[in-house]
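Enquirer: Have a peek at model11.cif (mmCIF, C-alpha atoms).
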data_start
loop_
_atom_site.label_atom_id
_atom_site.label_comp_id
_atom_site.auth_asym_id
_atom_site.auth_seq_id
_atom_site.Cartn_x
_atom_site.Cartn_y
_atom_site.Cartn_z
CA MET A 1 110.81 125.71 76.42
CA SER A 2 113.23 124.35 73.90
CA GLY A 3 111.40 121.04 73.64
CA VAL A 4 114.68 119.18 74.36
CA PRO A 5 114.33 116.83 77.36
CA GLN A 6 116.50 117.77 80.30
CA ARG A 7 119.20 115.35 81.38
CA THR A 8 117.63 113.86 84.51
CA LEU A 9 118.88 111.82 87.47
CA LEU A 10 116.15 109.79 89.17
CA LEU A 11 116.45 107.78 92.37
CA TRP A 12 114.04 104.86 92.77
CA CYS A 13 113.47 102.67 95.83
CA PRO A 14 112.16 99.22 94.80
CA ASP A 15 109.01 97.92 96.51
CA TRP A 16 108.62 101.20 98.38
CA PRO A 17 105.06 100.60 99.73
CA VAL A 18 106.37 97.40 101.34
CA LEU A 19 109.37 99.19 102.86
CA ALA A 20 107.11 102.02 104.07
CA ALA A 21 104.92 99.48 105.87
CA GLU A 22 108.04 98.16 107.61
CA ILE A 23 109.34 101.63 108.51
CA VAL A 24 106.03 102.98 109.82
CA ASP A 25 104.10 99.90 110.98
CA GLY A 26 106.87 97.40 111.65
CA VAL A 27 105.75 94.85 109.02
CA PRO A 28 108.91 92.81 108.19
CA ALA A 29 109.77 93.44 104.54
CA THR A 30 111.77 90.18 104.50
CA ASP A 31 108.51 88.21 104.86
CA PRO A 32 106.10 87.51 101.98
CA VAL A 33 104.16 90.82 102.04
CA VAL A 34 101.69 92.36 99.59
CA VAL A 35 100.16 95.82 99.52
CA LEU A 36 96.59 95.85 98.25
CA HIS A 37 94.52 98.60 96.64
CA ALA A 38 90.99 97.94 95.34
CA ASN A 39 91.53 94.24 96.17
CA ARG A 40 94.54 93.98 93.85
CA VAL A 41 98.26 93.74 94.52
CA VAL A 42 100.05 97.05 93.89
CA ALA A 43 103.36 96.08 95.49
CA CYS A 44 104.96 92.96 96.95
CA SER A 45 108.14 91.91 98.71
CA GLU A 46 110.92 89.83 97.19
CA ARG A 47 109.80 86.77 99.18
CA ALA A 48 106.25 87.20 97.83
CA ARG A 49 107.55 87.34 94.26
CA ALA A 50 109.43 84.10 94.89
CA GLU A 51 106.03 82.56 95.76
CA GLY A 52 104.61 83.63 92.39
CA ILE A 53 102.96 86.89 93.50
CA ARG A 54 102.80 89.65 90.91
CA ARG A 55 101.29 93.13 90.71
CA GLY A 56 97.69 93.09 89.53
CA LEU A 57 96.75 89.79 91.15
CA ARG A 58 93.50 89.70 93.10
CA ARG A 59 93.73 89.16 96.85
CA ARG A 60 92.25 85.66 96.78
CA GLU A 61 94.56 84.49 94.01
CA ALA A 62 97.61 85.93 95.82
CA GLN A 63 96.65 84.20 99.06
CA GLY A 64 96.06 80.99 97.14
CA ARG A 65 99.63 81.07 95.86
CA CYS A 66 101.03 81.93 99.31
CA PRO A 67 98.74 81.03 102.26
CA HIS A 68 101.09 82.64 104.85
CA LEU A 69 101.02 85.99 103.02
CA THR A 70 100.99 89.21 105.06
CA VAL A 71 98.44 91.64 103.61
CA VAL A 72 98.82 95.42 104.05
CA ASP A 73 96.35 98.06 102.88
CA HIS A 74 97.61 100.71 100.45
CA ASP A 75 98.25 104.01 102.26
CA PRO A 76 99.80 106.83 100.16
CA GLY A 77 100.17 108.97 103.26
CA ARG A 78 102.25 106.31 104.98
CA ASP A 79 104.38 105.93 101.84
CA ALA A 80 105.03 109.68 101.63
CA ARG A 81 105.75 110.02 105.35
CA ALA A 82 108.31 107.22 105.25
CA PHE A 83 109.94 108.65 102.11
CA GLU A 84 110.69 112.05 103.63
CA PRO A 85 113.97 110.89 105.32
CA VAL A 86 115.15 109.48 101.97
CA VAL A 87 114.48 112.79 100.17
CA ALA A 88 116.24 114.66 102.97
CA ALA A 89 119.25 112.35 102.62
CA VAL A 90 119.42 112.93 98.85
CA GLU A 91 119.25 116.69 99.47
CA GLU A 92 122.39 116.41 101.60
CA VAL A 93 124.24 115.42 98.40
CA VAL A 94 122.41 117.31 95.62
CA ALA A 95 120.07 120.29 95.44
CA GLY A 96 116.82 120.89 93.57
CA ILE A 97 115.10 117.58 94.34
CA GLU A 98 111.57 117.00 93.04
CA VAL A 99 109.42 114.23 94.50
CA ILE A 100 107.83 112.27 91.66
CA ARG A 101 105.87 110.00 93.99
CA PRO A 102 106.66 108.24 97.27
CA GLY A 103 109.62 106.03 96.42
CA ALA A 104 111.00 108.13 93.57
CA CYS A 105 112.60 111.58 93.34
CA ALA A 106 114.54 113.36 90.63
CA THR A 107 116.87 116.25 89.91
CA ALA A 108 118.70 117.71 86.94
CA ALA A 109 121.79 115.57 86.29
CA ARG A 110 124.07 118.38 85.14
CA GLY A 111 124.92 119.83 88.56
CA PRO A 112 125.66 116.57 90.44
CA SER A 113 127.65 115.17 87.52
CA ARG A 114 129.85 118.28 87.38
CA TYR A 115 130.78 118.51 91.04
CA LEU A 116 130.80 114.77 91.84
CA GLY A 117 133.01 113.74 88.93
CA GLY A 118 130.58 112.53 86.27
CA GLU A 119 127.16 110.90 86.04
CA GLU A 120 128.28 107.44 87.15
CA ALA A 121 130.13 108.83 90.16
CA ALA A 122 127.11 110.96 91.10
CA ALA A 123 124.78 107.96 90.92
CA GLU A 124 127.09 105.83 93.09
CA ARG A 125 127.51 108.62 95.66
CA ILE A 126 123.77 109.17 96.04
CA VAL A 127 122.93 105.46 96.34
CA GLU A 128 125.69 104.97 98.92
CA HIS A 129 124.59 107.98 100.97
CA VAL A 130 120.94 106.86 101.06
CA ALA A 131 122.03 103.37 102.15
CA GLN A 132 124.23 104.75 104.95
CA SER A 133 121.75 107.39 106.14
CA CYS A 134 118.47 105.49 105.85
CA ALA A 135 119.42 101.80 105.44
CA VAL A 136 117.31 101.82 102.28
CA GLU A 137 118.26 100.13 99.03
CA SER A 138 117.89 102.36 95.98
CA GLN A 139 118.83 102.56 92.31
CA VAL A 140 119.60 105.54 90.12
CA GLY A 141 118.83 105.99 86.46
CA ILE A 142 119.99 108.85 84.23
CA ALA A 143 118.46 109.67 80.85
CA ASP A 144 116.97 112.50 78.80
CA GLY A 145 113.70 113.29 80.60
CA VAL A 146 112.01 112.10 83.79
CA PHE A 147 110.05 109.25 82.22
CA ALA A 148 113.08 107.62 80.60
CA ALA A 149 115.16 108.16 83.74
CA GLY A 150 112.51 106.33 85.75
CA LEU A 151 112.70 103.30 83.47
CA ALA A 152 116.49 103.45 83.50
CA ALA A 153 116.48 103.50 87.31
CA ARG A 154 114.71 100.12 87.37
CA GLU A 155 117.79 98.73 85.65
CA GLY A 156 120.30 100.95 87.46
CA ARG A 157 121.32 102.23 84.05
CA ILE A 158 122.78 105.43 82.61
CA VAL A 159 121.45 106.06 79.10
CA ALA A 160 123.90 107.94 76.90
CA PRO A 161 122.88 111.47 75.86
CA GLY A 162 120.82 111.28 72.69
CA GLY A 163 120.14 107.57 73.14
CA THR A 164 116.84 107.82 75.00
CA ARG A 165 114.59 107.23 72.00
CA GLU A 166 116.39 103.98 71.16
CA PHE A 167 116.36 102.96 74.84
CA LEU A 168 112.59 103.41 75.00
CA ALA A 169 111.72 101.89 71.62
CA THR A 170 111.86 98.24 72.71
CA ARG A 171 109.99 98.72 76.01
CA PRO A 172 106.44 97.31 76.15
CA VAL A 173 103.53 99.77 76.17
CA GLU A 174 102.82 98.74 79.77
CA ALA A 175 105.86 100.84 80.73
CA LEU A 176 103.69 103.94 80.27
CA GLY A 177 101.92 103.12 83.55
CA ARG A 178 98.49 103.44 81.94
CA PRO A 179 96.91 99.97 82.03
CA ALA A 180 93.75 100.89 80.11
CA LEU A 181 95.71 102.60 77.33
CA ALA A 182 98.23 99.74 77.16
CA ASP A 183 95.44 97.17 76.87
CA LEU A 184 93.79 99.12 74.05
CA LEU A 185 97.09 99.63 72.23
CA ARG A 186 97.84 95.90 72.36
CA ARG A 187 94.41 95.11 70.95
CA LEU A 188 95.23 97.50 68.12
CA GLY A 189 98.53 95.69 67.47
CA VAL A 190 100.75 98.34 69.07
CA ARG A 191 103.03 96.45 71.45
CA THR A 192 106.11 98.59 72.09
CA LEU A 193 106.80 102.23 72.84
CA GLY A 194 108.57 102.44 69.49
CA ASP A 195 105.42 101.27 67.71
CA PHE A 196 103.35 103.82 69.61
CA ALA A 197 105.81 106.66 68.97
CA ALA A 198 105.65 105.93 65.22
CA LEU A 199 101.94 106.83 65.08
CA PRO A 200 101.05 110.34 63.84
CA ALA A 201 100.68 112.74 66.77
CA GLY A 202 97.44 114.22 65.42
CA ASP A 203 95.78 110.82 65.12
CA VAL A 204 96.86 109.91 68.66
CA LEU A 205 95.35 113.10 70.07
CA ALA A 206 92.09 112.57 68.18
CA ARG A 207 91.77 108.94 69.27
CA PHE A 208 93.18 108.93 72.79
CA GLY A 209 92.80 112.52 74.00
CA PHE A 210 95.24 114.66 75.96
CA ASP A 211 96.55 111.91 78.23
CA GLY A 212 97.17 109.68 75.21
CA ALA A 213 99.02 112.54 73.50
CA LEU A 214 101.18 113.01 76.59
CA ALA A 215 101.93 109.28 76.66
CA HIS A 216 102.82 109.48 72.96
CA ARG A 217 105.40 112.17 73.68
CA LEU A 218 106.87 110.05 76.47
CA ALA A 219 107.09 107.00 74.21
CA GLY A 220 109.01 109.02 71.63
CA GLY A 221 111.57 110.24 74.14
CA ARG A 222 110.43 113.83 73.78
CA ASP A 223 109.91 116.40 76.49
CA ASP A 224 107.18 115.23 78.83
CA ARG A 225 105.76 118.73 79.24
CA PRO A 226 103.58 120.27 76.51
CA LEU A 227 105.00 123.35 74.78
CA ALA A 228 102.30 125.54 76.32
CA VAL A 229 104.14 125.69 79.66
CA ARG A 230 104.18 129.29 80.93
CA GLN A 231 105.67 131.24 83.79
CA PRO A 232 102.88 131.60 86.38
CA PRO A 233 101.59 135.07 87.23
CA ALA A 234 102.81 136.19 90.63
CA ASP A 235 99.32 136.21 92.13
CA LEU A 236 98.88 132.47 91.52
CA ILE A 237 100.82 131.73 94.71
CA VAL A 238 98.50 131.12 97.66
CA THR A 239 99.47 131.68 101.29
CA ALA A 240 97.73 131.03 104.60
CA ASP A 241 98.81 132.40 108.00
CA TYR A 242 97.66 130.70 111.20
CA ASP A 243 97.23 132.41 114.58
CA GLU A 244 97.51 129.04 116.30
CA PRO A 245 100.53 127.02 115.09
CA VAL A 246 99.54 123.87 113.22
CA ASP A 247 101.27 120.93 114.90
CA ARG A 248 98.75 118.08 114.50
CA VAL A 249 98.26 115.95 111.39
CA ASP A 250 94.45 116.35 111.40
CA ALA A 251 94.74 120.14 111.52
CA ALA A 252 97.36 119.99 108.77
CA ALA A 253 95.01 117.91 106.59
CA PHE A 254 92.27 120.54 106.94
CA ALA A 255 94.72 123.34 106.12
CA ALA A 256 95.97 121.40 103.09
CA ARG A 257 92.50 120.87 101.68
CA THR A 258 91.44 124.50 102.08
CA LEU A 259 94.59 125.95 100.50
CA ALA A 260 94.61 123.36 97.69
CA GLU A 261 91.06 124.29 96.67
CA LEU A 262 92.02 127.97 96.65
CA LEU A 263 95.05 127.30 94.43
CA HIS A 264 93.05 125.14 92.03
CA GLU A 265 90.34 127.80 91.69
CA ARG A 266 92.94 130.51 91.07
CA LEU A 267 94.65 128.43 88.38
CA ALA A 268 91.31 127.65 86.73
CA GLY A 269 90.55 131.37 86.61
CA TYR A 270 93.57 131.81 84.33
CA GLY A 271 92.75 128.70 82.28
CA LEU A 272 95.81 126.94 83.71
CA ALA A 273 96.60 123.62 85.32
CA CYS A 274 99.48 122.71 87.65
CA THR A 275 102.04 120.00 86.92
CA ARG A 276 104.67 120.78 89.56
CA LEU A 277 103.92 122.03 93.06
CA GLY A 278 106.16 123.80 95.54
CA ILE A 279 105.15 123.43 99.20
CA GLU A 280 106.66 125.93 101.64
CA ALA A 281 106.11 126.23 105.38
CA VAL A 282 107.37 128.50 108.15
CA THR A 283 107.27 127.44 111.80
CA ALA A 284 106.64 129.59 114.85
CA HIS A 285 110.40 129.56 115.51
CA GLY A 286 111.18 130.83 112.03
CA GLN A 287 112.32 127.52 110.53
CA GLU A 288 111.67 127.37 106.78
CA LEU A 289 110.71 124.10 105.07
CA HIS A 290 110.44 123.50 101.33
CA ARG A 291 109.67 120.58 99.04
CA VAL A 292 108.71 120.25 95.35
CA TRP A 293 106.32 117.55 94.06
CA ARG A 294 106.20 116.71 90.38
CA TYR A 295 103.21 115.08 88.68
CA ASP A 296 102.89 113.33 85.31
CA GLY A 297 99.65 114.99 84.24
CA LEU A 298 97.40 117.72 85.64
CA LEU A 299 97.01 118.20 89.38
CA THR A 300 93.36 118.36 90.42
CA ALA A 301 92.29 120.03 93.67
CA ALA A 302 92.17 116.62 95.37
CA ALA A 303 95.62 115.66 94.06
CA ILE A 304 97.09 118.96 95.28
CA ALA A 305 95.49 118.46 98.70
CA ASP A 306 96.85 114.92 98.95
CA ARG A 307 100.43 115.99 98.26
CA VAL A 308 100.26 118.91 100.67
CA ARG A 309 98.80 116.65 103.37
CA TRP A 310 101.44 113.97 102.79
CA GLN A 311 104.23 116.51 102.98
CA LEU A 312 102.90 118.19 106.13
CA ASP A 313 102.48 114.75 107.70
CA GLY A 314 106.10 113.95 106.85
CA TRP A 315 107.34 117.20 108.36
CA LEU A 316 105.20 117.15 111.51
CA THR A 317 105.34 113.45 112.30
CA GLY A 318 108.53 112.26 110.73
CA SER A 319 109.33 108.58 110.35
CA ASN A 320 112.24 106.62 111.71
CA GLY A 321 114.11 105.09 108.80
CA ARG A 322 115.32 101.52 108.76
CA GLY A 323 118.57 102.81 110.18
CA GLY A 324 116.79 104.66 112.98
CA THR A 325 117.39 108.10 111.48
CA ARG A 326 114.98 110.76 110.35
CA PRO A 327 115.04 114.48 109.62
CA ALA A 328 114.78 116.64 112.72
CA ARG A 329 111.15 117.36 113.49
CA PRO A 330 110.30 121.09 113.54
CA THR A 331 110.65 122.55 117.03
CA ALA A 332 107.35 124.41 116.67
CA GLY A 333 104.10 124.25 114.74
CA ILE A 334 103.55 125.76 111.30
CA VAL A 335 102.32 129.35 111.21
CA ARG A 336 102.52 129.95 107.46
CA LEU A 337 101.81 127.65 104.54
CA ARG A 338 102.51 128.61 100.94
CA LEU A 339 101.74 126.75 97.70
CA VAL A 340 103.74 127.71 94.61
CA PRO A 341 102.69 126.33 91.20
CA ASP A 342 106.23 125.93 89.84
CA GLY A 343 104.97 124.25 86.66
CA VAL A 344 101.77 125.40 84.95
CA LEU A 345 100.40 124.96 81.46
CA ALA A 346 97.47 126.27 79.48
CA GLN A 347 94.41 124.15 80.09
CA ALA A 348 92.67 124.90 76.80
CA GLY A 349 90.67 121.89 75.73
CA LEU A 350 91.47 119.94 78.90
CA GLN A 351 88.07 120.08 80.57
CA PRO A 352 87.29 117.21 82.97
CA GLY A 353 85.34 114.32 81.54
CA LEU A 354 81.59 114.03 81.66
CA TRP A 355 81.79 111.67 84.64
CA GLY A 356 84.49 113.43 86.66
CA GLU A 357 88.23 113.78 87.02
CA THR A 358 89.28 110.73 89.03
CA GLY A 359 89.99 107.24 87.79
CA ALA A 360 87.46 105.77 90.23
CA GLU A 361 84.69 107.96 88.82
CA ARG A 362 85.55 107.00 85.26
CA GLU A 363 85.71 103.31 86.18
CA ARG A 364 82.24 103.43 87.74
CA ALA A 365 80.88 105.14 84.63
CA HIS A 366 82.50 102.53 82.36
CA ARG A 367 81.03 99.68 84.39
CA ALA A 368 77.58 101.26 84.22
CA LEU A 369 77.77 101.78 80.46
CA SER A 370 79.00 98.22 79.92
CA ARG A 371 76.10 96.89 81.98
CA VAL A 372 73.59 98.87 79.91
CA GLN A 373 75.17 97.49 76.74
CA GLY A 374 74.92 93.99 78.15
CA ILE A 375 71.19 94.42 78.76
CA LEU A 376 70.16 96.40 75.67
CA GLY A 377 72.87 95.51 73.17
CA PRO A 378 76.03 97.28 71.88
CA GLU A 379 74.11 99.77 69.70
CA ALA A 380 72.13 101.06 72.68
CA VAL A 381 75.08 103.09 74.02
CA VAL A 382 76.94 105.21 71.49
CA THR A 383 79.62 107.87 71.55
CA ALA A 384 80.32 110.72 69.16
CA VAL A 385 83.51 110.54 67.10
CA LEU A 386 84.85 113.47 65.09
CA GLY A 387 85.64 112.69 61.47
CA GLY A 388 85.87 114.32 58.06
CA GLY A 389 83.18 116.12 56.13
CA ARG A 390 82.16 119.71 55.57
CA SER A 391 78.89 119.98 57.44
CA PRO A 392 78.48 119.38 61.19
CA ALA A 393 76.39 116.32 60.45
CA ASP A 394 79.19 114.85 58.36
CA GLN A 395 81.88 115.68 60.91
CA VAL A 396 80.30 113.68 63.74
CA ARG A 397 79.34 110.03 63.61
CA LEU A 398 78.00 107.77 66.36
CA VAL A 399 79.70 104.47 67.13
CA PRO A 400 79.00 101.89 69.86
CA TRP A 401 80.63 102.91 73.13
CA GLY A 402 83.96 101.15 73.65
CA ASP A 403 84.75 100.67 69.95
#
How does the structure come out when it is put into structure tokens?
Expert:
Amino acid sequence: MSGVPQRTLLLWCPDWPVLAAEIVDGVPATDPVVVLHANRVVACSERARAEGIRRGLRRREAQGRCPHLTVVDHDPGRDARAFEPVVAAVEEVVAGIEVIRPGACATAARGPSRYLGGEEAAAERIVEHVAQSCAVESQVGIADGVFAAGLAAREGRIVAPGGTREFLATRPVEALGRPALADLLRRLGVRTLGDFAALPAGDVLARFGFDGALAHRLAGGRDDRPLAVRQPPADLIVTADYDEPVDRVDAAAFAARTLAELLHERLAGYGLACTRLGIEAVTAHGQELHRVWRYDGLLTAAAIADRVRWQLDGWLTGSNGRGGTRPARPTAGIVRLRLVPDGVLAQAGLQPGLWGETGAERERAHRALSRVQGILGPEAVVTAVLGGGRSPADQVRLVPWGD
């Protein structure tokens, strides 16, 4: 890698979980609607925002502000299934689409801008085509790198080449999408991405770990992939053939989980982790399906399985868009499934934490440690911090957990 961020075009659909609930379950997105996860608002409709609803509010507080609120449970599978027609529509205009998450997809900006008459013309063409094909409102952002393009898409903005660092500098640290890190940075007096980017990279890695170092690169407008990215060995690709065609979502979920675990184990055997996943399927009638999912971080076995399941659900079930259109459902079940780790990086020093890989596991551990501190005092729970000194005893010191 050259380390220079690629010029990226990203399409973003505002309030996508709300729109997905309308597309799949018929919940009117024009009403005051909230989508809840862990009893907190993760998305809301425009009418709900007009009533004072914001992301992060607890359910009771949201209902207190708007008694006639419609509450929908968070369902990533529903979001992904409803997003498949949008991705298919974008692919009718440009090639090489990567799904970032349900509601957002990206591609290199160079190709579309060259054959559609420039970046602005490409953005307008894609937004118009999605609106006509799917009756879905969307915005496009173009910048150097996926992270900056995502922020630019929220403003429908095209950031000039070379201007990404300045564009990011004034954004608040909450733009990183890491609430715990943003809260800690604010308590340390670091309020903007520019402030964060100005910190020495070595100090950030020592204090905040790998994820903090990745966020630091994003804040500075640098490439969002570490320089250790490698071409995967050919035998990393995993394939499964099925005697009985897979045409049901429950069978697809089982197939996804089994193949995802196999891929994760194979990557771990090489000391690698996956950041971009290609999902390929062949039906009994020879139809070939392909989609690429991109991830800001390291895909665990569970995260790989989720994305494969979502994609298979989208292919097998389909979802009528707001305009009544959807990609043609395969005429036969899937007989071959193939996972291709398009983006891998060396996993040296990236072992999972003591209490697991998922955010829920870490949150439970943090609550338990805080409770012990509350009972026995702050000094009762300590963590080791690496520092200076020549001997091992001098290089490690114990500080109260959380400090």
Enquirer: Translate the PyMOL selection byres ((chain A and resi 73-87) around 9), as applied to the file shown, into an explicit residue set as a PyMOL selection string.
Expert: chain A and resi 16-21+23-25+34-38+42-43+71-72+88-92+97-99+101-105+130+133-134+136+306-307+309-315+317-321+325-327
Enquirer: Based on the selection just made, write C-alpha atoms of those residues as a tab-separated table (two decimals), in the coordinates of the input.
Expert:
chain	number	residue	atom	x	y	z
A	16	TRP	CA	108.62	101.20	98.38
A	17	PRO	CA	105.06	100.60	99.73
A	18	VAL	CA	106.37	97.40	101.34
A	19	LEU	CA	109.37	99.19	102.86
A	20	ALA	CA	107.11	102.02	104.07
A	21	ALA	CA	104.92	99.48	105.87
A	23	ILE	CA	109.34	101.63	108.51
A	24	VAL	CA	106.03	102.98	109.82
A	25	ASP	CA	104.10	99.90	110.98
A	34	VAL	CA	101.69	92.36	99.59
A	35	VAL	CA	100.16	95.82	99.52
A	36	LEU	CA	96.59	95.85	98.25
A	37	HIS	CA	94.52	98.60	96.64
A	38	ALA	CA	90.99	97.94	95.34
A	42	VAL	CA	100.05	97.05	93.89
A	43	ALA	CA	103.36	96.08	95.49
A	71	VAL	CA	98.44	91.64	103.61
A	72	VAL	CA	98.82	95.42	104.05
A	88	ALA	CA	116.24	114.66	102.97
A	89	ALA	CA	119.25	112.35	102.62
A	90	VAL	CA	119.42	112.93	98.85
A	91	GLU	CA	119.25	116.69	99.47
A	92	GLU	CA	122.39	116.41	101.60
A	97	ILE	CA	115.10	117.58	94.34
A	98	GLU	CA	111.57	117.00	93.04
A	99	VAL	CA	109.42	114.23	94.50
A	101	ARG	CA	105.87	110.00	93.99
A	102	PRO	CA	106.66	108.24	97.27
A	103	GLY	CA	109.62	106.03	96.42
A	104	ALA	CA	111.00	108.13	93.57
A	105	CYS	CA	112.60	111.58	93.34
A	130	VAL	CA	120.94	106.86	101.06
A	133	SER	CA	121.75	107.39	106.14
A	134	CYS	CA	118.47	105.49	105.85
A	136	VAL	CA	117.31	101.82	102.28
A	306	ASP	CA	96.85	114.92	98.95
A	307	ARG	CA	100.43	115.99	98.26
A	309	ARG	CA	98.80	116.65	103.37
A	310	TRP	CA	101.44	113.97	102.79
A	311	GLN	CA	104.23	116.51	102.98
A	312	LEU	CA	102.90	118.19	106.13
A	313	ASP	CA	102.48	114.75	107.70
A	314	GLY	CA	106.10	113.95	106.85
A	315	TRP	CA	107.34	117.20	108.36
A	317	THR	CA	105.34	113.45	112.30
A	318	GLY	CA	108.53	112.26	110.73
A	319	SER	CA	109.33	108.58	110.35
A	320	ASN	CA	112.24	106.62	111.71
A	321	GLY	CA	114.11	105.09	108.80
A	325	THR	CA	117.39	108.10	111.48
A	326	ARG	CA	114.98	110.76	110.35
A	327	PRO	CA	115.04	114.48	109.62
Enquirer: Within 10 Å of segment 144-148 of chain A, counting only C-alpha atoms, which residues show up once you throw out same-chain ones fewer than 2 positions away? Write them as a VMD selection string, please.
Expert: chain A and resid 4 to 10 100 105 to 109 141 to 142 150 to 153 158 to 165 167 to 168 175 to 176 215 218 to 225 294 296
Enquirer: Here is a test: counting all atoms listed in the file, which residue of A:Leu289, A:Val282, A:Ala240, A:Leu262 is nearest to Ala301 of chain A?
Expert: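 Looking at the shortest contact to Ala301 of chain A, the residue is A:Leu262.
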Enquirer: Given the choices A:Ala281, A:Ile53, A:Ala135, A:Leu205, which gets closest to Asp241 of chain A if the distance is worked out from all atoms listed in the file?
Expert: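 Comparing A:Ala281, A:Ile53, A:Ala135, A:Leu205 against Asp241 of chain A, the winner is A:Ala281.
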Enquirer: So, with all atoms listed in the file as the atoms that count, which of A:Ala197, A:Ile304, A:Leu188, A:Ala251 lies closest to Ala213 of chain A?
Expert: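 Residue with the minimum atom-to-atom distance to Ala213 of chain A: A:Ala197.
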Enquirer: Just give me the residues with any atom within 9 Å of (104.5, 127.3, 109.3), file coordinates, counting only C-alpha atoms, written as a list in words.
Expert: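 Here is the list of nearby residues: Asp241, Tyr242, Pro245, Val246, Glu280, Ala281, Val282, Thr283, Ala284, His285, Gly286, Gln287, Glu288, Leu289, Ala332, Gly333, Ile334, Val335, Arg336, Leu337 and Arg338 of chain A.
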Enquirer: Can you pull out the residues contacting Val127 of chain A? Cut-off 9 Å, using only C-alpha atoms, and skip same-chain residues under 5 positions away; I want them as JSON, numbers by chain.
Expert: {"A": [11, 90, 122, 132, 136, 137, 138, 139, 140]}
Enquirer: One decimal, in Å: what's the spacing between atom CA of Trp293 of chain A and atom CA of Ala255 of chain A?
Expert: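 Between atom CA of Trp293 of chain A and atom CA of Ala255 of chain A the gap is 17.7 Å.
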Enquirer: Show which residues sit within 9 Å of Val33 of chain A, as a PDB file with C-alpha atoms, in the coordinates of the input. Count only C-alpha atoms, and ignore same-chain residues fewer than 4 positions away.
Expert:
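Generated output (part_7.pdb):
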ATOM      1  CA  VAL A  18     106.370  97.400 101.340  1.00  0.00           C
ATOM      2  CA  VAL A  27     105.750  94.850 109.020  1.00  0.00           C
ATOM      3  CA  PRO A  28     108.910  92.810 108.190  1.00  0.00           C
ATOM      4  CA  ALA A  29     109.770  93.440 104.540  1.00  0.00           C
ATOM      5  CA  ALA A  43     103.360  96.080  95.490  1.00  0.00           C
ATOM      6  CA  CYS A  44     104.960  92.960  96.950  1.00  0.00           C
ATOM      7  CA  SER A  45     108.140  91.910  98.710  1.00  0.00           C
ATOM      8  CA  GLU A  46     110.920  89.830  97.190  1.00  0.00           C
ATOM      9  CA  ARG A  47     109.800  86.770  99.180  1.00  0.00           C
ATOM     10  CA  ALA A  48     106.250  87.200  97.830  1.00  0.00           C
ATOM     11  CA  LEU A  69     101.020  85.990 103.020  1.00  0.00           C
ATOM     12  CA  THR A  70     100.990  89.210 105.060  1.00  0.00           C
ATOM     13  CA  VAL A  71      98.440  91.640 103.610  1.00  0.00           C
ATOM     14  CA  VAL A  72      98.820  95.420 104.050  1.00  0.00           C
TER      15      VAL A  72
END
Enquirer: Would you mind reading off the distance between atom CA of Gly111 of chain A and atom CA of Pro330 of chain A, one decimal, in Å?
Expert: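 Going from atom CA of Gly111 of chain A over to atom CA of Pro330 of chain A covers 29.0 Å.
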Enquirer: What is the distance, in Å and to one decimal place, between atom CA of Leu57 of chain A and atom CA of Pro179 of chain A?
Expert: 13.7 Å
Enquirer: Could you give me the axis-aligned bounding box of segment 155-168 of chain A, with 3 Å of padding per side, as centre plus edge lengths in Å to one decimal, as JSON?
Expert:
{"center_x": 118.2, "center_y": 105.1, "center_z": 79.3, "size_x": 17.3, "size_y": 18.7, "size_z": 22.3}
Enquirer: Go through the shown structure with the PyMOL selection byres ((chain A and resi 191) around 6) and write out the matching residues as a compact mmCIF listing (two decimals) with C-alpha atoms, in the coordinates of the input.
Expert:
# COMPACT_ATOMS: atom_id res chain seq x y z
CA PRO A 172 106.44 97.31 76.15
CA VAL A 173 103.53 99.77 76.17
CA ARG A 186 97.84 95.90 72.36
CA VAL A 190 100.75 98.34 69.07
CA THR A 192 106.11 98.59 72.09
Enquirer: If the PyMOL selection byres ((chain A and resi 267) around 12) were run on this exact file, what residues would it hold? Put them as a PyMOL selection string.
Expert: chain A and resi 232-238+260-266+268-275+298-301+304+339-347
